[in-house]
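**Student:** After the structure tokens below, expect a handful of questions from me.
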Amino acid sequence: MEGHKNLIGKTAIVTGSARGIGAGIAIDLGKRGANVVVNYTSRRGEVAAAAVSQRIGAGGSKVAAVQANVAVMSDLQKLVDAALAISENAKIDIVVHNAATGDDCYLEDMTERFYEDQTDANLKAPIFLTKLVLPYIAQGGRIVMITSVSARMGIPQQTVYAATKAALEGICKVWATELGKKHGITVNCVSPGPVATDMWTECEPEVVADFQPAINATPAEARVGEVSDIVPIVAFLCSEESRWVTGSVVGASGGMSFI
Ligand SMILES: NC(=O)c1ccc[n+]([C@@H]2O[C@H](COP(=O)([O-])OP(=O)(O)OC[C@H]3O[C@@H](n4cnc5c(N)ncnc54)[C@H](OP(=O)(O)O)[C@@H]3O)[C@@H](O)[C@H]2O)c1
């Protein structure tokens with residue numbers, strides 16, 4: 001499916017798409033012909049988002065780079081407004097909930113602030129962004145949430161991270177039934193194992209060490225994933241061909257964690 005222009009005229013929002021997996025997804029959806037909202041939150045992301053947007057625009061798709069902290073409710077509307085501004089039919093076809101914080105914390109050190117910051121970005125944001133998009137969601141629309149093998153691996157320091165990712169996998173099944181026929185959409189999760197991005201390299205060293213035996217035992221190949229391992233799986237779930245897949249969690253971990 002690489003390079004196949006199967007999303008011409010579609011409009012996509014990819015949260016957290018300046019760097020890492022989100023950037024790879026945004027560039028790929030753009031290559032496929034979709035108009036794309038690229039989202040970042042930090043100064044670091046601003047420069048990276050400009051480069052991602054440049055690549056998407058150079059391929060002929062419309063693109064909007066939007067500074068929005070998805071953890072802040074009032075920022076979410078910016079993403080919807082930007083999508084409608086680049087949409088050719090006032091519809092939004094694809095939402096990829098990718099932005100997340102991966103901070104690690106032992107339970108002994110847990111604060112309410114840590115809990116709230118991580119749940120706001122990883123869990124509250126997908127819920128309320130989806131709510132804002134619903135009035136504009138196109139028939140044949142696609143919602144994809146990027147979760148993690150951490151939802152079920154039991155790695156120390158991942159109390160909140162694991163909880164938010166497992167929660168999204170539960171929500172995906174609720175939305176598949178609640179929104180599926182009503183809006184003519186599918187809702188799925190893609191669950192990566194460790195992927196070579198800034199989030200992984202900035203993990204606490206103990207977390208990397210705790211993952212190492214599982215990396216060595218990964219059935220497909222003993223290595224961490226690359227962004228290019230994840231992107232085509234998301235692309236499939238954004239395509240028309242995935243119409244009979246909904247409420248699913250699709251593993252993207254080389255089999256590190258079976259689902
Ligand atoms: N990397 C892994 O090992 C791994 C494994 C399993 C699952 N995942 C999941 O894959 C997704 C992407 O991870 P990644 O590794 O690509 O992360 P990353 O390299 O840290 O990049 C994260 C991107 O999300 C953006 N972002 C973070 N918080 C945001 C917020 N509050 N509002 C808006 N944008 C925000 C960042 O924006 P700025 O550029 O502005 O900072 C950045 O562009 C996440 O859902 C993560 O949980 C990753």
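Letters for chains follow the order of the structure tokens (A, B, ...), residue numbers begin at 1 for each chain, and ligand numbers begin at 1 in the order shown.
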To check your reading of the model: which residues sit at most 6 Å from ligand 1 when counting only C-alpha atoms and all ligand atoms? Write the answer as number ranges by chain.
**Tutor:** A: 15-22, 39-42, 44-45, 68-71, 98-102, 121, 146-148, 192-200
**Student:** Now that the selection is made, can you save its residues with N, CA and C atoms as a CSV table (one decimal), in the first residue's frame?
**Tutor:**
```csv
chain,number,residue,atom,x,y,z
A,15,THR,N,-2.9,13.8,16.4
A,15,THR,CA,-2.4,14.5,17.5
A,15,THR,C,-0.9,14.1,17.8
A,16,GLY,N,-0.2,15.1,18.3
A,16,GLY,CA,1.2,14.8,18.6
A,16,GLY,C,2.0,14.3,17.4
A,17,SER,N,2.0,15.1,16.3
A,17,SER,CA,2.6,14.6,15.1
A,17,SER,C,3.8,15.4,14.6
A,18,ALA,N,4.4,16.1,15.5
A,18,ALA,CA,5.7,16.8,15.2
A,18,ALA,C,6.8,15.8,15.1
A,19,ARG,N,6.8,14.8,16.0
A,19,ARG,CA,8.0,13.9,16.2
A,19,ARG,C,7.5,12.5,16.3
A,20,GLY,N,8.4,11.6,16.2
A,20,GLY,CA,8.1,10.2,16.5
A,20,GLY,C,7.1,9.5,15.6
A,21,ILE,N,6.3,8.7,16.2
A,21,ILE,CA,5.3,7.9,15.5
A,21,ILE,C,4.2,8.8,14.8
A,22,GLY,N,3.8,9.8,15.5
A,22,GLY,CA,2.8,10.7,15.0
A,22,GLY,C,3.3,11.4,13.7
A,39,ASN,N,0.0,18.4,14.7
A,39,ASN,CA,-0.2,19.0,16.0
A,39,ASN,C,1.1,18.8,16.9
A,40,TYR,N,1.4,19.9,17.6
A,40,TYR,CA,2.5,19.9,18.5
A,40,TYR,C,2.2,20.7,19.7
A,41,THR,N,3.0,20.7,20.7
A,41,THR,CA,2.7,21.5,21.9
A,41,THR,C,3.8,22.4,22.4
A,42,SER,N,5.1,21.9,22.1
A,42,SER,CA,6.2,22.6,22.7
A,42,SER,C,7.0,23.4,21.7
A,44,ARG,N,10.1,22.8,21.1
A,44,ARG,CA,10.8,21.8,20.4
A,44,ARG,C,10.0,21.2,19.2
A,45,GLY,N,8.7,21.1,19.5
A,45,GLY,CA,7.8,20.6,18.5
A,45,GLY,C,7.5,21.5,17.4
A,68,ALA,N,-1.3,23.1,20.0
A,68,ALA,CA,-2.4,22.8,20.9
A,68,ALA,C,-1.9,21.7,21.9
A,69,ASN,N,-2.0,22.1,23.1
A,69,ASN,CA,-1.8,21.1,24.2
A,69,ASN,C,-3.0,20.3,24.4
A,70,VAL,N,-3.0,19.0,24.0
A,70,VAL,CA,-4.3,18.3,24.0
A,70,VAL,C,-4.8,18.0,25.4
A,71,ALA,N,-3.9,18.2,26.4
A,71,ALA,CA,-4.3,18.1,27.8
A,71,ALA,C,-5.2,19.3,28.3
A,98,ASN,N,-2.7,10.1,19.0
A,98,ASN,CA,-1.4,9.6,19.2
A,98,ASN,C,-0.6,10.3,20.3
A,99,ALA,N,-0.9,11.6,20.5
A,99,ALA,CA,-0.2,12.4,21.5
A,99,ALA,C,-0.3,11.7,22.9
A,100,ALA,N,0.8,11.6,23.6
A,100,ALA,CA,0.8,11.1,24.9
A,100,ALA,C,2.1,11.5,25.6
A,101,THR,N,2.0,11.5,27.0
A,101,THR,CA,3.2,11.6,27.7
A,101,THR,C,3.5,10.2,28.3
A,102,GLY,N,4.8,9.9,28.3
A,102,GLY,CA,5.2,8.5,28.7
A,102,GLY,C,6.0,8.6,30.0
A,121,ALA,N,-3.5,14.2,29.3
A,121,ALA,CA,-3.0,14.1,27.9
A,121,ALA,C,-3.4,12.8,27.3
A,146,ILE,N,-3.5,5.2,19.5
A,146,ILE,CA,-2.2,4.6,19.7
A,146,ILE,C,-2.1,4.2,21.2
A,147,THR,N,-2.1,2.9,21.5
A,147,THR,CA,-2.0,2.5,22.9
A,147,THR,C,-0.6,2.0,23.1
A,148,SER,N,-0.4,0.9,23.8
A,148,SER,CA,1.0,0.4,24.1
A,148,SER,C,0.9,-1.0,24.7
A,192,PRO,N,1.7,-0.5,20.0
A,192,PRO,CA,3.2,-0.8,19.7
A,192,PRO,C,3.9,-1.3,21.0
A,193,GLY,N,4.9,-2.0,20.8
A,193,GLY,CA,6.0,-2.3,21.8
A,193,GLY,C,6.9,-1.1,21.7
A,194,PRO,N,8.1,-1.2,22.4
A,194,PRO,CA,9.0,-0.1,22.3
A,194,PRO,C,9.4,0.3,20.9
A,195,VAL,N,9.4,1.6,20.6
A,195,VAL,CA,9.7,2.1,19.3
A,195,VAL,C,10.8,3.1,19.4
A,196,ALA,N,11.8,3.1,18.5
A,196,ALA,CA,12.9,4.0,18.6
A,196,ALA,C,12.5,5.5,18.3
A,197,THR,N,12.0,6.1,19.3
A,197,THR,CA,11.6,7.6,19.2
A,197,THR,C,12.2,8.3,20.5
A,198,ASP,N,11.9,9.6,20.5
A,198,ASP,CA,12.4,10.3,21.7
A,198,ASP,C,11.8,9.8,23.0
A,199,MET,N,10.5,9.3,22.9
A,199,MET,CA,9.8,8.8,24.1
A,199,MET,C,10.6,7.6,24.7
A,200,TRP,N,11.0,6.8,23.8
A,200,TRP,CA,11.7,5.6,24.3
A,200,TRP,C,13.1,5.9,24.8
```
**Student:** List every residue of region 210-253 of chain A that DSSP, applied to the backbone of this structure, assigns to strand (DSSP E), and report them as a list in words.
**Tutor:**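 DSSP-assigned strand (DSSP E) residues in region 210-253 of chain A: Val249, Val250, Gly251 and Ala252 of chain A.
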**Student:** Just the residues within 9 Å of Gly170 (chain A), please, counting only C-alpha atoms, with nothing from its chain fewer than 5 positions along; format it as a list in words.
**Tutor:**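 Once the adjacent positions are removed, what remains is Lys165, Trp175 and Gly247 of chain A.
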**Student:** Keeping all heavy atoms, export the residues of the selection given above as an mmCIF file, in the first residue's frame.
**Tutor:**
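As a result, again.cif now contains:
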```cif
data_model
loop_
_atom_site.group_PDB
_atom_site.id
_atom_site.type_symbol
_atom_site.label_atom_id
_atom_site.label_comp_id
_atom_site.auth_asym_id
_atom_site.auth_seq_id
_atom_site.Cartn_x
_atom_site.Cartn_y
_atom_site.Cartn_z
ATOM 1 N N LYS A 165 -3.485 3.601 28.799
ATOM 2 C CA LYS A 165 -3.491 2.844 27.543
ATOM 3 C C LYS A 165 -4.533 1.713 27.595
ATOM 4 O O LYS A 165 -5.235 1.449 26.612
ATOM 5 C CB LYS A 165 -2.089 2.296 27.259
ATOM 6 C CG LYS A 165 -1.036 3.381 27.028
ATOM 7 C CD LYS A 165 -1.415 4.304 25.886
ATOM 8 C CE LYS A 165 -0.292 5.264 25.512
ATOM 9 N NZ LYS A 165 -0.668 6.164 24.392
ATOM 10 N N TRP A 175 -16.833 2.674 21.868
ATOM 11 C CA TRP A 175 -17.123 3.559 20.733
ATOM 12 C C TRP A 175 -17.452 2.769 19.465
ATOM 13 O O TRP A 175 -18.250 3.221 18.642
ATOM 14 C CB TRP A 175 -15.945 4.496 20.467
ATOM 15 C CG TRP A 175 -15.802 5.570 21.515
ATOM 16 C CD1 TRP A 175 -16.663 5.849 22.530
ATOM 17 C CD2 TRP A 175 -14.720 6.510 21.644
ATOM 18 N NE1 TRP A 175 -16.195 6.896 23.281
ATOM 19 C CE2 TRP A 175 -15.009 7.321 22.758
ATOM 20 C CE3 TRP A 175 -13.552 6.734 20.930
ATOM 21 C CZ2 TRP A 175 -14.158 8.349 23.172
ATOM 22 C CZ3 TRP A 175 -12.705 7.756 21.325
ATOM 23 C CH2 TRP A 175 -13.007 8.553 22.440
ATOM 24 N N GLY A 247 -13.324 -2.005 16.852
ATOM 25 C CA GLY A 247 -13.241 -2.440 18.252
ATOM 26 C C GLY A 247 -12.033 -3.311 18.515
ATOM 27 O O GLY A 247 -11.930 -3.968 19.552
#
```
**Student:** Would you kindly return, as a list in words, each protein, DNA or RNA residue with an atom no farther than 12 Å from any atom of Trp244 (chain A), considering only C-alpha atoms and excluding same-chain residues fewer than 3 positions away?
**Tutor:** Gly140, Arg142, Ala176, Gly180, Gly184, Ile185, Thr186, Val187, Asn188, Phe236, Leu237, Cys238, Ser239, Glu240, Glu241, Gly247 and Ser248 of chain A
**Student:** Please produce a file of the residues just selected, as a short mmCIF file (atom, residue, chain, number, x, y, z; two decimals), in the first residue's frame, where the atoms kept are N, CA and C atoms.
**Tutor:**
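To be explicit, this is the file written out as again11.cif:
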```cif
data_model
loop_
_atom_site.label_atom_id
_atom_site.label_comp_id
_atom_site.auth_asym_id
_atom_site.auth_seq_id
_atom_site.Cartn_x
_atom_site.Cartn_y
_atom_site.Cartn_z
N GLY A 140 -17.91 6.56 6.95
CA GLY A 140 -16.66 5.89 6.57
C GLY A 140 -15.48 6.43 7.37
N ARG A 142 -12.74 7.17 10.42
CA ARG A 142 -11.82 6.26 11.11
C ARG A 142 -11.26 6.94 12.35
N ALA A 176 -16.81 1.60 19.30
CA ALA A 176 -17.13 0.79 18.12
C ALA A 176 -18.62 0.50 18.09
N GLY A 180 -20.43 3.24 15.98
CA GLY A 180 -20.21 2.54 14.70
C GLY A 180 -21.30 2.77 13.67
N GLY A 184 -21.33 5.53 11.00
CA GLY A 184 -20.70 4.82 9.88
C GLY A 184 -19.18 4.85 9.99
N ILE A 185 -18.67 4.67 11.21
CA ILE A 185 -17.22 4.76 11.41
C ILE A 185 -16.68 3.49 12.07
N THR A 186 -15.37 3.33 12.01
CA THR A 186 -14.72 2.28 12.79
C THR A 186 -13.79 2.93 13.81
N VAL A 187 -13.56 2.19 14.89
CA VAL A 187 -12.71 2.68 15.98
C VAL A 187 -11.78 1.53 16.38
N ASN A 188 -10.49 1.76 16.28
CA ASN A 188 -9.52 0.71 16.60
C ASN A 188 -8.31 1.28 17.33
N PHE A 236 -3.46 1.20 7.28
CA PHE A 236 -4.51 0.22 6.92
C PHE A 236 -5.81 0.53 7.67
N LEU A 237 -5.68 0.83 8.96
CA LEU A 237 -6.88 1.09 9.76
C LEU A 237 -7.55 2.41 9.38
N CYS A 238 -6.84 3.27 8.64
CA CYS A 238 -7.43 4.52 8.15
C CYS A 238 -8.04 4.35 6.76
N SER A 239 -7.83 3.18 6.16
CA SER A 239 -8.23 2.98 4.77
C SER A 239 -9.64 2.40 4.67
N GLU A 240 -10.19 2.47 3.48
CA GLU A 240 -11.51 1.88 3.21
C GLU A 240 -11.46 0.36 3.40
N GLU A 241 -10.31 -0.22 3.05
CA GLU A 241 -10.17 -1.69 3.10
C GLU A 241 -10.31 -2.25 4.52
N GLY A 247 -13.32 -2.01 16.85
CA GLY A 247 -13.24 -2.44 18.25
C GLY A 247 -12.03 -3.31 18.51
N SER A 248 -11.08 -3.30 17.59
CA SER A 248 -9.92 -4.18 17.70
C SER A 248 -8.70 -3.45 18.25
#
```
**Student:** Excluding Val80 (chain A) and residues on its chain fewer than 2 positions from it, collect all residues at most 12 Å away from it, counting only C-alpha atoms, and give them as a PyMOL selection string.
**Tutor:** chain A and resi 11-15+36-39+64+66+68+70+74-78+82-87+90-95+128-137
**Student:** Using only C-alpha atoms, tabulate the residues of region 37-129 of chain A lying at most 6 Å from any atom of region 153-160 of chain A, each with its closest atom pair and that distance in Å to one decimal, by chain and increasing residue number, as CSV.
**Tutor:**
```
residue,atom,partner,partner_atom,distance
A:Asp104,CA,A:Gln157,CA,5.0
A:Cys105,CA,A:Gln157,CA,4.4
A:Tyr106,CA,A:Gln157,CA,4.4
```
